[in-house]
Amino acid sequence: MSTFSGLNTAFTGLNAARQGLDVVGQNIANSSTKGYTRQRVSTAAAGSLAQIGPLVLSRAQVGQGVTVDGIARLGDVILDGRVRSSSATSGNLAVRSTALSGVEASLNEPGTTGISSQLQAFWSAWGDVSNRAGEETPAGVLLQKASQLAGQIAGGYTAVDSTWTDVRSKLEGMAAELNDAGTRVAALNGQIRETLATGGSANEMFDQRSALTSSIAALTGGTVRALPDGTVEVLVGGNALVSGDVFRSVTIIGSNSLVGVSGSPVALEWTNRPGQAVAVESGEIAGSLSMLAAANASGTGGAIAEAAAGYNRFATYLATTVNVAHQAGSTPSGATGLDFFAVSAIGPAALGLSVVPTSAAQIATGTPGAGGTDGSNADAIAQLGSAANSPDSVWSAFVTTVGTASKTARQQAVLADSVTAAATAAQLANSSVDLDEENVNMLTFQRAYQGAARVMSAVDEMLDTLINRTGLVGR
Amino acid sequence: MVARVTSQTRMANSQLNLQSSAALLAKLQDTATRLKKITTPSDDPTGTADSMRVRAAQSQTAQFGRNVDDGLGWLSTVDATLSASTDILRQVRDLTVQGANDGALSPTAKEAIATALEGLRTDLLGKANTTYLGRTVFAGASDAGVAFRPDLSYTGTGASVTRRIDSNATVRVDADGAAAFGTGTGSAFALIDTIVADLRSGVNVGPNLGAIDSRLTALLNAQTAAGARQNQISAAKDAIVSKTGTLEAQRAGIEDVDVGEIVIKLKQQEVSYQAALAVTARTLQPTLMDFLR
């Protein structure tokens, strides 16, 4: 042990305290940076040097001070994983809930502006026509109410259609976001690997990458696997989206409109492998894809397409029910077998519903043979609204179905949100910077620095005695 | 392990709490201004279905109300016309009794009676062809414009005019002209024609009194039937008025909120939101830095 080793020990102390203060400074500077994970300087006591030779004064040796091993990033892999999986679920459910509430808003129920009240006005108009069969005024009101009803059904369908288009265009945005995040994760992977290989600290890059993998998880439910070289692998549906510094991009394929979706379903697929769909289980993209799916026979298809199919079924049912009754009656001049509603064969039924008669003379108000002013058939049609299996009850069932689905989706989304909030809070509790704690650390390092400096001056004084004052006894 | 609490977690928590409290307040404010429990079907899917059902029933009842008003118009026209017709036929009977006094009446006097009877016949035919809002009230669903043509043939097709007073019942609001006045040669008009002809040709008109009486009975029968239906339809009107009230109460129960309740809830939420704000403002301020020199 040399005479000057005490100075060196004090110097390592000064160095460690300064590094510690620097890290505190970094933490405080980033205390409100999103995604920043607090850091700590990790130090270790340096051991003593081995003693060899005859001039050893003492076998008991003190250590050589302190070494700075590195700057630790105090993140928690498990907490990060929880945030990723919960945000995947809540992203999925939030997309579903938003789309369903869009569909629900198109219903305008309950109230005086929805299809139910238009239907009631329609049946009432038939009642008035029944009282004044063959007269133009009530017939005009009826025809106007009927075309209003047809217009409202078309309006509802259009609103559902635009909800679909909305979700579809957002999905394109999500895929672009996913590709962008994936590219950046791959680039960061490369940089991190190089930095770590050269012994540097990549903490800030870890933070950035963690934020990106979280957004990938929220989009696709992608899972993250850490590799020994510091890079991560991002897996979506079991296949690697990012592996090392390689990124495989994805694209959205399929119909751009609700009408065409049954022929060409919307899907996410690997760009370099056309035809091979990415199996997204969760996240916003999976939510959007499930919303955009085509309707099926059992009514379990995509919620938006099912709602559109509901409008079509309602339009067809209304037209059929009224037409059957209308055909049985006769016009004031005795013509029978006439339709009241026509449904266009091209395109969705909800958009193709139109009213056939244009005047009182073409409305089958009476029972055949009962006379020109007979209103009994009009009365029978007016009663369709309260009959069993009436169009009203079909509509009411449709509204209830949509309402229940929307309610369930909203409750699930709220629940998933609270789970995500809890996971995020746990992650924040672990990784966020606490100013009180940093203040305490700052004091500690400040005092440690002062102490080391004091040790240094004490050693200096000791050496001064040895060098300058030795042999001056009695002078 | 005690969860680590940092300034950031406290900030995030306060934000979350304030947000949820504000969302609740906004929802209550919305409800309090609209005064509606259900704004979208998802608020209460069953309630929505109920609301639509009640509104449908309300609209239907309003329609029945209009039908009843229209029916009452028809029936009072029928009633007034039938009673005027009875009066005319009574005058015809009086004149016939007068005309039957063969010995006391000069041919001139008989001619005067015959002329008066002709005038009454025109009146009676006018009554039989009475219209309400452009439709003959004694010819059912016929669109001929008159109930009895000049040749005294009846235009009715047998189909009656009815008005729906509730989902299961309709009421006839016209009267059968054929039954009340008779048709063709058997009609009241043909009978008067016969009497006039008999008076002019000197035949005794006394035997016609029996026929006049039977026509009077037919008229009275028709009037009684119309009166009974008028009663029925008036009762239906009362039922509709009370049903309208019941349905409105049902609708309000399903859709509307209790103002007192919502105001109290709103006040409570306001207080708790303000408390949350105040507490947040106090707890977020101090850090160790405030105490270090």
# chains A, B, ... in the order shown; residues from 1 in each chain; ligands from 1
$ residues_around --residues "Arg200 in chain B" --least-positions-apart "6" --cutoff "10 Å" --atoms "only C-alpha atoms" --output "list in words"
Pro107, Thr108, Lys110, Glu111, Ala112, Ile113, Ala114, Thr115 and Thr194 of chain B
$ closest_atom_pairs --of "chain A" --to "chain B" --cutoff "6 Å" --atoms "only C-alpha atoms" --output "CSV"
residue,atom,partner,partner_atom,distance
A:Pro110,CA,B:Thr48,CA,5.9
A:Gln120,CA,B:Ala56,CA,5.8
A:Ser124,CA,B:Gln63,CA,5.8
A:Ala370,CA,B:Ala159,CA,5.3
A:Gly371,CA,B:Ser142,CA,4.8
A:Gly372,CA,B:Asp143,CA,5.1
A:Thr373,CA,B:Ala141,CA,4.8
A:Asp374,CA,B:Ala141,CA,4.7
A:Ser396,CA,B:Ala49,CA,5.8
A:Thr400,CA,B:Pro45,CA,5.1
A:Gly403,CA,B:Ser42,CA,4.1
A:Thr404,CA,B:Pro45,CA,5.8
A:Ser406,CA,B:Ser42,CA,5.8
A:Lys407,CA,B:Ser42,CA,4.7
A:Ala429,CA,B:Arg4,CA,5.1
A:Asp434,CA,B:Thr6,CA,4.5
A:Asp436,CA,B:Leu288,CA,5.2
$ residues_around --residues "range 180-195 of chain A" --least-positions-apart "2" --cutoff "12 Å" --atoms "only C-alpha atoms" --output "MDAnalysis selection string"
chainID A and resid 173:178 197:220 222 224 226:236 240:250
$ write_last_selection --atoms "C-alpha atoms" --output "PDB file, in the first residue's frame"
ATOM      1  CA  GLY A 173     -53.845   4.986 -40.007  1.00  0.00           C
ATOM      2  CA  MET A 174     -53.270   2.269 -37.389  1.00  0.00           C
ATOM      3  CA  ALA A 175     -51.392   0.085 -39.877  1.00  0.00           C
ATOM      4  CA  ALA A 176     -49.195   3.055 -40.823  1.00  0.00           C
ATOM      5  CA  GLU A 177     -48.557   3.732 -37.126  1.00  0.00           C
ATOM      6  CA  LEU A 178     -47.674   0.075 -36.591  1.00  0.00           C
ATOM      7  CA  ALA A 197     -21.240  -4.071 -27.308  1.00  0.00           C
ATOM      8  CA  THR A 198     -18.989  -1.070 -26.848  1.00  0.00           C
ATOM      9  CA  GLY A 199     -19.820  -0.936 -23.125  1.00  0.00           C
ATOM     10  CA  GLY A 200     -21.965   2.206 -23.272  1.00  0.00           C
ATOM     11  CA  SER A 201     -25.216   2.963 -21.526  1.00  0.00           C
ATOM     12  CA  ALA A 202     -28.371   2.618 -23.608  1.00  0.00           C
ATOM     13  CA  ASN A 203     -30.921   3.518 -20.912  1.00  0.00           C
ATOM     14  CA  GLU A 204     -32.601   6.321 -22.855  1.00  0.00           C
ATOM     15  CA  MET A 205     -32.909   4.126 -25.930  1.00  0.00           C
ATOM     16  CA  PHE A 206     -34.517   1.429 -23.774  1.00  0.00           C
ATOM     17  CA  ASP A 207     -37.088   3.991 -22.674  1.00  0.00           C
ATOM     18  CA  GLN A 208     -37.856   4.966 -26.257  1.00  0.00           C
ATOM     19  CA  ARG A 209     -38.101   1.353 -27.345  1.00  0.00           C
ATOM     20  CA  SER A 210     -40.332   0.491 -24.426  1.00  0.00           C
ATOM     21  CA  ALA A 211     -42.745   3.298 -25.407  1.00  0.00           C
ATOM     22  CA  LEU A 212     -42.781   2.021 -28.992  1.00  0.00           C
ATOM     23  CA  THR A 213     -43.374  -1.611 -28.043  1.00  0.00           C
ATOM     24  CA  SER A 214     -46.212  -0.424 -25.783  1.00  0.00           C
ATOM     25  CA  SER A 215     -47.880   1.319 -28.695  1.00  0.00           C
ATOM     26  CA  ILE A 216     -47.368  -1.791 -30.867  1.00  0.00           C
ATOM     27  CA  ALA A 217     -48.999  -3.845 -28.111  1.00  0.00           C
ATOM     28  CA  ALA A 218     -51.922  -1.405 -27.910  1.00  0.00           C
ATOM     29  CA  LEU A 219     -52.367  -1.724 -31.675  1.00  0.00           C
ATOM     30  CA  THR A 220     -51.937  -5.462 -32.117  1.00  0.00           C
ATOM     31  CA  GLY A 222     -47.961  -7.945 -29.850  1.00  0.00           C
ATOM     32  CA  VAL A 224     -42.174  -8.679 -26.497  1.00  0.00           C
ATOM     33  CA  ALA A 226     -36.002  -9.805 -24.664  1.00  0.00           C
ATOM     34  CA  LEU A 227     -32.871 -11.335 -26.183  1.00  0.00           C
ATOM     35  CA  PRO A 228     -29.454 -11.599 -24.478  1.00  0.00           C
ATOM     36  CA  ASP A 229     -27.817  -9.054 -26.789  1.00  0.00           C
ATOM     37  CA  GLY A 230     -30.146  -6.291 -25.524  1.00  0.00           C
ATOM     38  CA  THR A 231     -32.468  -6.389 -28.524  1.00  0.00           C
ATOM     39  CA  VAL A 232     -36.119  -7.405 -28.340  1.00  0.00           C
ATOM     40  CA  GLU A 233     -38.276  -9.507 -30.587  1.00  0.00           C
ATOM     41  CA  VAL A 234     -41.846  -8.285 -31.140  1.00  0.00           C
ATOM     42  CA  LEU A 235     -44.232 -11.133 -31.934  1.00  0.00           C
ATOM     43  CA  VAL A 236     -47.665 -10.598 -33.457  1.00  0.00           C
ATOM     44  CA  ALA A 240     -41.987 -11.856 -35.568  1.00  0.00           C
ATOM     45  CA  LEU A 241     -42.893  -8.308 -36.537  1.00  0.00           C
ATOM     46  CA  VAL A 242     -39.476  -7.129 -35.383  1.00  0.00           C
ATOM     47  CA  SER A 243     -36.535  -9.392 -34.839  1.00  0.00           C
ATOM     48  CA  GLY A 244     -33.171  -7.761 -34.130  1.00  0.00           C
ATOM     49  CA  ASP A 245     -32.858  -4.908 -36.594  1.00  0.00           C
ATOM     50  CA  VAL A 246     -35.183  -6.574 -39.120  1.00  0.00           C
ATOM     51  CA  PHE A 247     -38.732  -5.341 -39.494  1.00  0.00           C
ATOM     52  CA  ARG A 248     -41.456  -6.970 -41.578  1.00  0.00           C
ATOM     53  CA  SER A 249     -44.071  -4.468 -42.679  1.00  0.00           C
ATOM     54  CA  VAL A 250     -47.814  -5.121 -42.802  1.00  0.00           C
TER      55      VAL A 250
END
$ residues_around --residues "Asp198 in chain B" --least-positions-apart "4" --cutoff "12 Å" --atoms "only C-alpha atoms" --output "ChimeraX atom specification"
/B:96,99-100,102,107,110-111,113-114,117,191-194,202-208
$ atom_distance --atom1 "CA of Pro54 in chain A" --atom2 "CA of Ser2 in chain A"
14.7 Å
$ select_by_dssp --residues "range 86-207 of chain B" --states "strand (DSSP E)" --output "list in words"
Thr131, Tyr132, Arg135, Thr136, Thr162, Arg163, Arg164, Ile165, Asp166, Ala169, Thr170, Val171 and Arg172 of chain B
$ atom_distance --atom1 "CA of Glu104 in chain A" --atom2 "CA of Gly347 in chain A"
22.7 Å
$ atom_distance --atom1 "CA of Ala228 in chain B" --atom2 "CA of Ala382 in chain A"
26.3 Å
$ residues_around --residues "Asn15 in chain A" --least-positions-apart "4" --cutoff "10 Å" --atoms "only C-alpha atoms" --output "number ranges by chain"
A: 9-11, 19-21, 66-68, 449, 452
$ residues_around --residues "range 19-32 of chain B" --least-positions-apart "2" --cutoff "8 Å" --atoms "only C-alpha atoms" --output "list of chain:residue names"
B:Gln15, B:Leu16, B:Asn17, B:Arg34, B:Leu35, B:Lys36, B:Lys37, B:Val257, B:Val259, B:Ile262, B:Val263, B:Lys265, B:Leu266, B:Gln269, B:Glu270, B:Ser272, B:Tyr273
$ residues_around --residues "Leu119 in chain A" --least-positions-apart "6" --cutoff "12 Å" --atoms "only C-alpha atoms" --output "MDAnalysis selection string"
(chainID A and resid 112:113 125:126 142 145:153 314:315 318 322 382:386 390:396) or (chainID B and resid 52:53 55:57 59:60)
$ closest_residue --among "B:Ala175, B:Val97, B:Ala147, B:Leu120" --to "Arg229 in chain B" --atoms "only C-alpha atoms"
B:Ala175
$ closest_residue --among "B:Thr246, B:Thr33, B:Ser14, B:Ser85" --to "Arg282 in chain B" --atoms "only C-alpha atoms"
B:Ser14
$ select_by_dssp --residues "range 68-285 of chain B" --states "alpha helix (DSSP H)" --output "ChimeraX atom specification"
/B:68-99,107-128,177-181,188-201,209-255,259-284
$ closest_residue --among "A:Thr465, A:Ser298, A:Ser106, A:Asn389" --to "Tyr317 in chain A" --atoms "only C-alpha atoms"
A:Asn389
